[in-house]
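Novice: One structure, as structure tokens, below. Some questions next.
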Protein chains: 2
Amino acid sequence: MPRPRGFDETEVLRAAMMVFWRDGYDATTYRALEAETGVGVRSMHNTFGEKDRLFVRVLQLYRGQAEEVVNGAFATPGLAAIAGFFDAMATAQSDAGDVSAAGCLMVNTVFELGEMPEEIAAEVAAYRAMWRDAFARSLEADGVDRQEERAEFLLGSLWGMLSQIRLARDVAAAAPMARIVSDTVRGWQAG
Amino acid sequence: MPRPRGFDETEVLRAAMMVFWRDGYDATTYRALEAETGVGVRSMHNTFGEKDRLFVRVLQLYRGQAEEVVNGAFATPGLAAIAGFFDAMATAQSDAGDVSAAGCLMVNTVFELGEMPEEIAAEVAAYRAMWRDAFARSLEADGVDRQEERAEFLLGSLWGMLSQIRLARDVAAAAPMARIVSDTVRGWQAG
DNA sequence: ATTGTTTTGCAACATATGATGCAAAAAGGA
DNA sequence: TCCTTTTTGCATCATATGTTGCAAAACAAT
């Protein structure tokens with residue numbers, strides 16, 4: 001008998017994610033979210049609670065989405081998969097309209113929120129672990145040595161590229177770095 | 001006949017820089033600055049103007065300071081200088097009290113302020129250009145090819161390391177990545 | 001149609017904070 | 001000592017924004 005919701009929860013989360021991704025946590029106001037999602041401030045608050053709660057939900061969604069990308073790219077683990085991933089970053093086409101021109105929501109969040117609440121920090125940690133593990137698995141598959149160090153290097157390089165993208169607001173900004181990293185990875189074949 | 005200032009301008013800027021560096025732009029309130037510098041809000045405003053004006057002054061100071069570091073590290077340009085620089089990052093000792101555990105003020109600023117005012121963006125651009133040029137000069141000194149690409153790679157790697165540092169609040173977090181980069185640079189000797 | 005429950009829109013509140021008005025205080029010269 | 005000018009401290013303003021109170025509206029079951 002109660003009145004049903006006038007919107008789909010996940011759909012709204014996805015729309016909210018875009019706004020947070022593009023504008024950052026602080027710059028994303030509830031009023032802006034209302035404008036972008038069509039859902040009133042009050043309903044949003046009723047459904048997702050306080051702003052940081054909503055943001056945690058958004059981060060979870062983001063991570064799940066990224067997980068699919070990672071699973072796809074590293075379906076067949078190995079140096080070739082890693083190199084291929086960075087090759088893809090090297091050839092990404094500029095598209096100012098695409099959200100990915102804003103870089104990575106997780107990276108951006110780390111910088112924007114100096115001290116992160118527990119739950120947000122946990123999401124970031126899980127996100128990083130996901131990438132690090134993907135790299136490590138691929139290194140192990142080809143029996144490369146210095147695995148931990150190199151996995152950390154790849155993670156750091158990825159974050160560096162995402163910095164370049166964020167600064168330039170253009171995915172193509174990562175290309176030079178991606179090419180060198182790709183070459184470097186192929187060079188590990190011998191060692 | 002006028003009443004003289006009760007503080008040294010540069011000294012206050014330096015203190016303000018530390019606060020901005022550690023806490024970020026938004027989290028640095030005028031009231032916090034008053035507490036840290038001992039200079040009243042009103043005097044600060046009288047002297048430096050609005051907050052973004054003050055921040056530009058701080059960035060200029062930061063860049064000048066960084067310039068000295070760069071000049072020192074690349075006094076003798078070459079692959080050895082680059083490798084040595086990253087080696088130094090690889091062996092940096094943790095020190096939670098040190099401001100450098102906050103990463104790099106410029107990198108942090110890019111992420112925190114999505115759209116940067118003209119003057120701030122210019123400071124960031126100048127800062128990046130300084131590093132890129134330093135790398136490029138060293139690559140040229142040893143006749144390495146793919147100079148532009150590699151200089152960009154080094155700049156991106158540096159930013160990646162500073163991301164790691166910022167996230168971990170620990171300069172030692174850059175070590176694994178710094179070691180690989182250093183090795184990679186030495187490997188350019190042949191090519 | 002009536003009723004019970006949730007949702008929703010509107011308005012308002014609480015708070016943080018950059019900015020500023022103003023008058024008293026300081027300092028140096030005449 | 002007095003006067004002029006700048007600085008400084010205090011209180012206040014203006015604004016943005018997360019959050020909430022409240023009552024009307026919407027919906028489904030009976």
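A note on labels: chains of the structure tokens are A, B, ... as shown, every chain counts residues from 1, and ligands are counted from 1 in their shown order.
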Check which residues of chain D sit at most 8 Å from chain B using only C-alpha atoms (C1' of nucleotides), and return one row each with the closest pair of atoms and their distance in Å to one decimal, ordered by chain and rising number, as CSV.
Specialist:
residue,atom,partner,partner_atom,distance
D:DT4,C1',B:Met1,CA,7.0
D:DT5,C1',B:Pro2,CA,4.5
D:DT6,C1',B:Arg3,CA,4.9
D:DT7,C1',B:Arg3,CA,6.2
D:DT8,C1',B:Ser43,CA,6.6
D:DG9,C1',B:Gly40,CA,7.7
Novice: Those selected residues, please, written with N, CA and C atoms (P, O5', C5', C4', C3', O3' and C1' of nucleotides) and delivered as an mmCIF file, in the first residue's frame.
Specialist:
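Resulting contents of part27.cif:
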data_model
loop_
_atom_site.group_PDB
_atom_site.id
_atom_site.type_symbol
_atom_site.label_atom_id
_atom_site.label_comp_id
_atom_site.auth_asym_id
_atom_site.auth_seq_id
_atom_site.Cartn_x
_atom_site.Cartn_y
_atom_site.Cartn_z
ATOM 1 P P DT D 4 46.571 65.972 10.725
ATOM 2 O "O5'" DT D 4 47.206 64.812 9.852
ATOM 3 C "C5'" DT D 4 48.544 64.961 9.338
ATOM 4 C "C4'" DT D 4 49.045 63.610 8.875
ATOM 5 C "C3'" DT D 4 48.015 62.795 8.100
ATOM 6 O "O3'" DT D 4 48.589 62.341 6.894
ATOM 7 C "C1'" DT D 4 48.935 61.507 9.862
ATOM 8 P P DT D 5 47.653 61.668 5.767
ATOM 9 O "O5'" DT D 5 48.121 60.154 5.815
ATOM 10 C "C5'" DT D 5 49.516 59.845 5.822
ATOM 11 C "C4'" DT D 5 49.701 58.412 6.245
ATOM 12 C "C3'" DT D 5 48.689 57.456 5.618
ATOM 13 O "O3'" DT D 5 49.368 56.427 4.912
ATOM 14 C "C1'" DT D 5 48.860 57.091 7.961
ATOM 15 P P DT D 6 48.560 55.351 4.019
ATOM 16 O "O5'" DT D 6 48.861 54.008 4.821
ATOM 17 C "C5'" DT D 6 50.198 53.719 5.216
ATOM 18 C "C4'" DT D 6 50.179 52.700 6.332
ATOM 19 C "C3'" DT D 6 49.415 51.426 6.005
ATOM 20 O "O3'" DT D 6 50.296 50.316 6.148
ATOM 21 C "C1'" DT D 6 48.747 52.283 8.114
ATOM 22 P P DT D 7 49.818 48.837 5.796
ATOM 23 O "O5'" DT D 7 49.564 48.260 7.261
ATOM 24 C "C5'" DT D 7 50.566 48.449 8.260
ATOM 25 C "C4'" DT D 7 50.005 48.059 9.616
ATOM 26 C "C3'" DT D 7 49.384 46.668 9.670
ATOM 27 O "O3'" DT D 7 49.973 45.954 10.746
ATOM 28 C "C1'" DT D 7 47.897 48.263 10.583
ATOM 29 P P DT D 8 49.845 44.365 10.792
ATOM 30 O "O5'" DT D 8 48.672 44.214 11.861
ATOM 31 C "C5'" DT D 8 48.785 44.890 13.103
ATOM 32 C "C4'" DT D 8 47.470 44.878 13.844
ATOM 33 C "C3'" DT D 8 46.715 43.547 13.824
ATOM 34 O "O3'" DT D 8 46.519 43.124 15.153
ATOM 35 C "C1'" DT D 8 45.254 45.368 13.391
ATOM 36 P P DG D 9 46.239 41.595 15.475
ATOM 37 O "O5'" DG D 9 44.828 41.729 16.209
ATOM 38 C "C5'" DG D 9 44.671 42.723 17.207
ATOM 39 C "C4'" DG D 9 43.213 42.889 17.561
ATOM 40 C "C3'" DG D 9 42.408 41.600 17.631
ATOM 41 O "O3'" DG D 9 41.604 41.650 18.797
ATOM 42 C "C1'" DG D 9 41.411 43.087 16.074
#
Novice: Within 8 Å of segment 186-188 of chain B, counting only C-alpha atoms (C1' of nucleotides), which residues show up once you throw out same-chain ones fewer than 6 positions away? Write them as a PyMOL selection string, please.
Specialist: chain B and resi 79-80+83+144
Novice: Which residues of chain A come within 8 Å of chain B, and what is each one's closest atom pair and distance in Å (one decimal), counting only C-alpha atoms, sorted by chain and residue number, as CSV?
Specialist:
residue,atom,partner,partner_atom,distance
A:Asp23,CA,B:Gly114,CA,6.8
A:Gly24,CA,B:Gly114,CA,7.3
A:Asn108,CA,B:Phe111,CA,6.0
A:Val110,CA,B:Leu167,CA,6.4
A:Phe111,CA,B:Phe111,CA,5.9
A:Glu112,CA,B:Glu112,CA,4.7
A:Gly114,CA,B:Asp23,CA,6.8
A:Glu149,CA,B:Pro176,CA,5.1
A:Arg150,CA,B:Ile180,CA,7.0
A:Glu152,CA,B:Met177,CA,6.3
A:Phe153,CA,B:Met177,CA,4.3
A:Leu154,CA,B:Met177,CA,7.9
A:Gly156,CA,B:Gly160,CA,5.0
A:Ser157,CA,B:Gly160,CA,5.7
A:Leu158,CA,B:Gly160,CA,7.4
A:Trp159,CA,B:Gly160,CA,5.3
A:Gly160,CA,B:Gly160,CA,3.6
A:Met161,CA,B:Gly156,CA,6.2
A:Ser163,CA,B:Trp159,CA,7.1
A:Gln164,CA,B:Gly156,CA,6.8
A:Arg166,CA,B:Phe111,CA,7.5
A:Leu167,CA,B:Val110,CA,6.4
A:Pro176,CA,B:Glu149,CA,5.2
A:Met177,CA,B:Phe153,CA,4.3
A:Ala178,CA,B:Phe153,CA,7.9
A:Ile180,CA,B:Phe153,CA,6.7
A:Thr184,CA,B:Thr184,CA,7.3
Novice: Keeping only N, CA and C atoms, write the selected residues as a short mmCIF file (atom, residue, chain, number, x, y, z; two decimals), in the first residue's frame.
Specialist:
data_model
loop_
_atom_site.label_atom_id
_atom_site.label_comp_id
_atom_site.auth_asym_id
_atom_site.auth_seq_id
_atom_site.Cartn_x
_atom_site.Cartn_y
_atom_site.Cartn_z
N ASP A 23 32.93 16.35 -11.74
CA ASP A 23 33.07 17.60 -10.96
C ASP A 23 33.78 17.45 -9.63
N GLY A 24 33.95 16.20 -9.17
CA GLY A 24 34.56 16.01 -7.87
C GLY A 24 33.54 16.01 -6.75
N ASN A 108 41.08 10.70 -8.37
CA ASN A 108 40.64 12.05 -8.07
C ASN A 108 40.21 12.19 -6.62
N VAL A 110 41.14 10.41 -3.99
CA VAL A 110 42.27 10.37 -3.06
C VAL A 110 42.86 11.77 -2.87
N PHE A 111 42.96 12.47 -3.99
CA PHE A 111 43.57 13.79 -3.90
C PHE A 111 42.62 14.83 -3.32
N GLU A 112 41.38 14.73 -3.67
CA GLU A 112 40.47 15.78 -3.22
C GLU A 112 40.20 15.69 -1.73
N GLY A 114 41.55 14.86 1.47
CA GLY A 114 42.83 14.58 2.12
C GLY A 114 42.71 13.38 3.04
N GLU A 149 57.46 -5.59 -6.99
CA GLU A 149 57.98 -4.28 -7.35
C GLU A 149 57.41 -3.82 -8.69
N ARG A 150 57.37 -4.72 -9.63
CA ARG A 150 56.91 -4.37 -10.97
C ARG A 150 55.40 -4.13 -10.99
N GLU A 152 53.78 -2.91 -8.58
CA GLU A 152 53.65 -1.58 -7.97
C GLU A 152 54.00 -0.49 -8.97
N PHE A 153 55.01 -0.76 -9.76
CA PHE A 153 55.41 0.17 -10.82
C PHE A 153 54.27 0.38 -11.82
N LEU A 154 53.64 -0.70 -12.20
CA LEU A 154 52.56 -0.61 -13.18
C LEU A 154 51.37 0.17 -12.60
N GLY A 156 51.53 2.40 -10.23
CA GLY A 156 51.95 3.80 -10.14
C GLY A 156 51.94 4.47 -11.50
N SER A 157 52.37 3.75 -12.52
CA SER A 157 52.37 4.31 -13.87
C SER A 157 50.95 4.61 -14.32
N LEU A 158 50.07 3.68 -14.02
CA LEU A 158 48.66 3.89 -14.38
C LEU A 158 48.14 5.16 -13.73
N TRP A 159 48.45 5.33 -12.46
CA TRP A 159 47.99 6.52 -11.76
C TRP A 159 48.63 7.78 -12.34
N GLY A 160 49.86 7.66 -12.73
CA GLY A 160 50.52 8.80 -13.37
C GLY A 160 49.82 9.18 -14.66
N MET A 161 49.46 8.19 -15.44
CA MET A 161 48.75 8.47 -16.70
C MET A 161 47.41 9.11 -16.43
N SER A 163 46.72 10.93 -14.03
CA SER A 163 46.99 12.32 -13.65
C SER A 163 47.11 13.19 -14.89
N GLN A 164 47.86 12.70 -15.85
CA GLN A 164 48.05 13.45 -17.09
C GLN A 164 46.70 13.70 -17.76
N ARG A 166 43.72 13.72 -16.38
CA ARG A 166 42.93 14.67 -15.59
C ARG A 166 43.38 16.11 -15.83
N LEU A 167 44.68 16.30 -15.86
CA LEU A 167 45.20 17.64 -16.05
C LEU A 167 44.83 18.19 -17.42
N PRO A 176 51.99 9.18 -24.63
CA PRO A 176 53.45 9.03 -24.60
C PRO A 176 53.90 8.11 -23.49
N MET A 177 53.34 8.31 -22.33
CA MET A 177 53.73 7.49 -21.19
C MET A 177 53.33 6.03 -21.41
N ALA A 178 52.15 5.84 -21.95
CA ALA A 178 51.67 4.47 -22.17
C ALA A 178 52.58 3.71 -23.13
N ILE A 180 55.83 4.09 -23.63
CA ILE A 180 57.07 3.69 -22.98
C ILE A 180 56.82 2.54 -22.00
N THR A 184 58.51 -1.08 -22.04
CA THR A 184 59.22 -1.57 -20.87
C THR A 184 58.72 -2.95 -20.47
#
Novice: After a least-squares superposition on chain A over all sequentially paired C-alpha atoms, what is chain B as a JSON list (two decimals) with C-alpha atoms, in the first residue's frame?
Specialist:
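Written output follows (out-v1.json):
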[["chain", "number", "residue", "atom", "x", "y", "z"],
["B", 1, "MET", "CA", -0.18, 0.09, 0.15],
["B", 2, "PRO", "CA", 2.73, 2.48, 0.36],
["B", 3, "ARG", "CA", 3.54, 4.85, -2.43],
["B", 4, "PRO", "CA", 6.29, 3.36, -4.61],
["B", 5, "ARG", "CA", 9.50, 5.15, -5.60],
["B", 6, "GLY", "CA", 9.40, 7.18, -8.74],
["B", 7, "PHE", "CA", 12.92, 6.24, -9.85],
["B", 8, "ASP", "CA", 15.31, 3.35, -10.21],
["B", 9, "GLU", "CA", 17.99, 3.32, -7.53],
["B", 10, "THR", "CA", 20.85, 2.01, -9.67],
["B", 11, "GLU", "CA", 20.00, 4.26, -12.54],
["B", 12, "VAL", "CA", 20.18, 7.30, -10.31],
["B", 13, "LEU", "CA", 23.45, 6.09, -8.81],
["B", 14, "ARG", "CA", 24.91, 5.80, -12.26],
["B", 15, "ALA", "CA", 23.89, 9.35, -13.12],
["B", 16, "ALA", "CA", 25.26, 10.60, -9.82],
["B", 17, "MET", "CA", 28.52, 8.79, -10.51],
["B", 18, "MET", "CA", 29.00, 10.76, -13.69],
["B", 19, "VAL", "CA", 28.58, 14.03, -11.86],
["B", 20, "PHE", "CA", 30.96, 13.12, -9.05],
["B", 21, "TRP", "CA", 33.43, 11.83, -11.60],
["B", 22, "ARG", "CA", 33.38, 14.96, -13.68],
["B", 23, "ASP", "CA", 33.06, 17.62, -10.98],
["B", 24, "GLY", "CA", 34.56, 16.02, -7.88],
["B", 25, "TYR", "CA", 33.05, 15.40, -4.48],
["B", 26, "ASP", "CA", 32.79, 18.90, -3.11],
["B", 27, "ALA", "CA", 31.73, 20.59, -6.30],
["B", 28, "THR", "CA", 28.89, 18.09, -6.63],
["B", 29, "THR", "CA", 26.00, 19.66, -4.76],
["B", 30, "TYR", "CA", 22.72, 18.02, -3.98],
["B", 31, "ARG", "CA", 21.09, 20.69, -6.07],
["B", 32, "ALA", "CA", 23.29, 19.78, -9.05],
["B", 33, "LEU", "CA", 22.43, 16.14, -8.54],
["B", 34, "GLU", "CA", 18.76, 17.03, -8.54],
["B", 35, "ALA", "CA", 19.21, 18.82, -11.84],
["B", 36, "GLU", "CA", 21.11, 15.91, -13.42],
["B", 37, "THR", "CA", 19.12, 13.01, -12.09],
["B", 38, "GLY", "CA", 15.68, 14.53, -11.96],
["B", 39, "VAL", "CA", 15.28, 13.18, -8.45],
["B", 40, "GLY", "CA", 14.47, 15.69, -5.73],
["B", 41, "VAL", "CA", 16.93, 16.46, -2.98],
["B", 42, "ARG", "CA", 14.57, 15.13, -0.36],
["B", 43, "SER", "CA", 14.02, 11.80, -2.05],
["B", 44, "MET", "CA", 17.72, 11.40, -2.63],
["B", 45, "HIS", "CA", 18.43, 12.03, 0.99],
["B", 46, "ASN", "CA", 15.66, 9.70, 2.02],
["B", 47, "THR", "CA", 17.06, 6.93, -0.16],
["B", 48, "PHE", "CA", 20.83, 7.22, 0.15],
["B", 49, "GLY", "CA", 21.30, 9.13, 3.37],
["B", 50, "GLU", "CA", 24.01, 11.66, 3.86],
["B", 51, "LYS", "CA", 26.38, 12.77, 1.15],
["B", 52, "ASP", "CA", 29.30, 10.57, 2.08],
["B", 53, "ARG", "CA", 26.97, 7.57, 2.23],
["B", 54, "LEU", "CA", 25.78, 8.28, -1.28],
["B", 55, "PHE", "CA", 29.37, 8.68, -2.36],
["B", 56, "VAL", "CA", 30.35, 5.29, -0.99],
["B", 57, "ARG", "CA", 27.56, 3.74, -3.04],
["B", 58, "VAL", "CA", 28.86, 5.56, -6.08],
["B", 59, "LEU", "CA", 32.39, 4.29, -5.48],
["B", 60, "GLN", "CA", 31.14, 0.76, -5.15],
["B", 61, "LEU", "CA", 29.36, 1.06, -8.46],
["B", 62, "TYR", "CA", 32.47, 2.51, -10.04],
["B", 63, "ARG", "CA", 34.65, -0.28, -8.76],
["B", 64, "GLY", "CA", 32.27, -2.96, -9.96],
["B", 65, "GLN", "CA", 32.27, -1.41, -13.38],
["B", 66, "ALA", "CA", 36.06, -1.22, -13.43],
["B", 67, "GLU", "CA", 36.25, -4.83, -12.39],
["B", 68, "GLU", "CA", 34.54, -5.87, -15.59],
["B", 69, "VAL", "CA", 37.05, -3.92, -17.63],
["B", 70, "VAL", "CA", 39.94, -5.55, -15.78],
["B", 71, "ASN", "CA", 38.49, -9.00, -16.13],
["B", 72, "GLY", "CA", 38.15, -8.42, -19.83],
["B", 73, "ALA", "CA", 41.64, -7.04, -20.36],
["B", 74, "PHE", "CA", 43.35, -9.74, -18.30],
["B", 75, "ALA", "CA", 41.24, -12.70, -19.23],
["B", 76, "THR", "CA", 44.41, -14.34, -20.52],
["B", 77, "PRO", "CA", 47.08, -13.27, -18.03],
["B", 78, "GLY", "CA", 50.58, -12.54, -19.24],
["B", 79, "LEU", "CA", 52.98, -9.84, -20.31],
["B", 80, "ALA", "CA", 51.08, -9.58, -23.56],
["B", 81, "ALA", "CA", 47.91, -8.71, -21.68],
["B", 82, "ILE", "CA", 49.68, -5.97, -19.72],
["B", 83, "ALA", "CA", 51.36, -4.56, -22.80],
["B", 84, "GLY", "CA", 48.08, -4.73, -24.65],
["B", 85, "PHE", "CA", 46.33, -2.83, -21.91],
["B", 86, "PHE", "CA", 48.84, 0.00, -22.08],
["B", 87, "ASP", "CA", 48.75, -0.09, -25.85],
["B", 88, "ALA", "CA", 45.05, 0.51, -25.62],
["B", 89, "MET", "CA", 45.72, 3.52, -23.41],
["B", 90, "ALA", "CA", 48.28, 4.72, -25.92],
["B", 91, "THR", "CA", 45.79, 4.70, -28.75],
["B", 92, "ALA", "CA", 42.74, 6.05, -26.95],
["B", 93, "GLN", "CA", 41.01, 8.71, -28.98],
["B", 94, "SER", "CA", 40.31, 12.16, -27.56],
["B", 95, "ASP", "CA", 36.67, 12.78, -26.80],
["B", 96, "ALA", "CA", 35.96, 15.81, -24.68],
["B", 97, "GLY", "CA", 32.43, 14.62, -24.10],
["B", 98, "ASP", "CA", 33.47, 11.34, -22.55],
["B", 99, "VAL", "CA", 33.65, 11.18, -18.76],
["B", 100, "SER", "CA", 36.93, 9.31, -18.90],
["B", 101, "ALA", "CA", 38.52, 12.61, -19.87],
["B", 102, "ALA", "CA", 38.13, 13.40, -16.18],
["B", 103, "GLY", "CA", 40.59, 10.64, -15.32],
["B", 104, "CYS", "CA", 39.73, 8.13, -12.64],
["B", 105, "LEU", "CA", 37.18, 8.73, -9.94],
["B", 106, "MET", "CA", 39.27, 6.87, -7.38],
["B", 107, "VAL", "CA", 42.48, 8.74, -8.11],
["B", 108, "ASN", "CA", 40.67, 12.04, -8.08],
["B", 109, "THR", "CA", 39.02, 11.20, -4.79],
["B", 110, "VAL", "CA", 42.29, 10.37, -3.06],
["B", 111, "PHE", "CA", 43.59, 13.80, -3.92],
["B", 112, "GLU", "CA", 40.48, 15.76, -3.24],
["B", 113, "LEU", "CA", 39.65, 14.30, 0.12],
["B", 114, "GLY", "CA", 42.85, 14.55, 2.08],
["B", 115, "GLU", "CA", 41.79, 12.45, 5.01],
["B", 116, "MET", "CA", 39.23, 9.98, 3.79],
["B", 117, "PRO", "CA", 36.49, 8.46, 5.95],
["B", 118, "GLU", "CA", 37.07, 4.82, 6.74],
["B", 119, "GLU", "CA", 34.60, 3.44, 4.22],
["B", 120, "ILE", "CA", 35.88, 5.56, 1.38],
["B", 121, "ALA", "CA", 39.49, 4.67, 2.10],
["B", 122, "ALA", "CA", 38.47, 1.02, 2.05],
["B", 123, "GLU", "CA", 36.93, 1.40, -1.40],
["B", 124, "VAL", "CA", 40.07, 3.02, -2.73],
["B", 125, "ALA", "CA", 42.21, 0.30, -1.20],
["B", 126, "ALA", "CA", 40.06, -2.39, -2.77],
["B", 127, "TYR", "CA", 40.27, -0.67, -6.11],
["B", 128, "ARG", "CA", 44.05, -0.49, -6.00],
["B", 129, "ALA", "CA", 44.29, -4.07, -4.84],
["B", 130, "MET", "CA", 42.21, -5.14, -7.80],
["B", 131, "TRP", "CA", 44.60, -3.55, -10.27],
["B", 132, "ARG", "CA", 47.72, -4.68, -8.47],
["B", 133, "ASP", "CA", 46.49, -8.25, -8.38],
["B", 134, "ALA", "CA", 45.64, -8.18, -12.03],
["B", 135, "PHE", "CA", 49.15, -7.02, -12.88],
["B", 136, "ALA", "CA", 50.75, -9.48, -10.48],
["B", 137, "ARG", "CA", 48.82, -12.42, -11.90],
["B", 138, "SER", "CA", 50.00, -11.54, -15.37],
["B", 139, "LEU", "CA", 53.60, -11.21, -14.26],
["B", 140, "GLU", "CA", 53.40, -14.55, -12.54],
["B", 141, "ALA", "CA", 51.86, -16.20, -15.58],
["B", 142, "ASP", "CA", 55.01, -15.43, -17.56],
["B", 143, "GLY", "CA", 57.37, -16.16, -14.71],
["B", 144, "VAL", "CA", 58.77, -12.67, -14.52],
["B", 145, "ASP", "CA", 60.86, -11.85, -11.46],
["B", 146, "ARG", "CA", 60.63, -8.82, -9.14],
["B", 147, "GLN", "CA", 56.88, -9.30, -9.40],
["B", 148, "GLU", "CA", 55.77, -7.19, -6.45],
["B", 149, "GLU", "CA", 57.99, -4.30, -7.37],
["B", 150, "ARG", "CA", 56.92, -4.39, -10.96],
["B", 151, "ALA", "CA", 53.25, -4.66, -10.13],
["B", 152, "GLU", "CA", 53.65, -1.59, -7.96],
["B", 153, "PHE", "CA", 55.43, 0.16, -10.81],
["B", 154, "LEU", "CA", 52.58, -0.61, -13.17],
["B", 155, "LEU", "CA", 50.01, 0.61, -10.68],
["B", 156, "GLY", "CA", 51.97, 3.80, -10.15],
["B", 157, "SER", "CA", 52.38, 4.31, -13.86],
["B", 158, "LEU", "CA", 48.68, 3.89, -14.37],
["B", 159, "TRP", "CA", 48.00, 6.53, -11.74],
["B", 160, "GLY", "CA", 50.54, 8.79, -13.36],
["B", 161, "MET", "CA", 48.77, 8.46, -16.68],
["B", 162, "LEU", "CA", 45.45, 9.18, -15.09],
["B", 163, "SER", "CA", 47.00, 12.30, -13.64],
["B", 164, "GLN", "CA", 48.07, 13.44, -17.07],
["B", 165, "ILE", "CA", 44.59, 12.77, -18.38],
["B", 166, "ARG", "CA", 42.96, 14.67, -15.59],
["B", 167, "LEU", "CA", 45.21, 17.64, -16.04],
["B", 168, "ALA", "CA", 44.74, 17.82, -19.79],
["B", 169, "ARG", "CA", 41.11, 16.71, -19.66],
["B", 170, "ASP", "CA", 42.02, 14.47, -22.54],
["B", 171, "VAL", "CA", 42.61, 10.71, -22.60],
["B", 172, "ALA", "CA", 45.19, 11.19, -25.34],
["B", 173, "ALA", "CA", 47.48, 12.86, -22.81],
["B", 174, "ALA", "CA", 48.45, 9.43, -21.50],
["B", 175, "ALA", "CA", 49.76, 8.20, -24.83],
["B", 176, "PRO", "CA", 53.48, 9.03, -24.59],
["B", 177, "MET", "CA", 53.76, 7.48, -21.18],
["B", 178, "ALA", "CA", 51.69, 4.47, -22.15],
["B", 179, "ARG", "CA", 53.99, 3.73, -25.08],
["B", 180, "ILE", "CA", 57.10, 3.70, -22.94],
["B", 181, "VAL", "CA", 55.48, 1.56, -20.30],
["B", 182, "SER", "CA", 54.30, -0.88, -22.90],
["B", 183, "ASP", "CA", 57.82, -1.14, -24.31],
["B", 184, "THR", "CA", 59.25, -1.56, -20.86],
["B", 185, "VAL", "CA", 56.85, -4.39, -20.10],
["B", 186, "ARG", "CA", 57.72, -6.23, -23.30],
["B", 187, "GLY", "CA", 61.36, -5.87, -22.33],
["B", 188, "TRP", "CA", 60.71, -7.95, -19.22],
["B", 189, "GLN", "CA", 60.16, -11.00, -21.37],
["B", 190, "ALA", "CA", 63.83, -11.87, -21.38],
["B", 191, "GLY", "CA", 64.56, -11.09, -17.74]]
Novice: Hey, list the chain C side of the contact with chain A: 7 Å cut-off, only C-alpha atoms (C1' of nucleotides), answer as a list in words.
Specialist: DT5, DT6, DT7 and DT8 of chain C
Novice: When DSSP works through the backbone of this structure, what residues of chain A end up as alpha helix (DSSP H), shown as a ChimeraX atom specification?
Specialist: /A:9-23,30-37,41-48,51-73,79-90,105-112,118-141,147-168,175-187
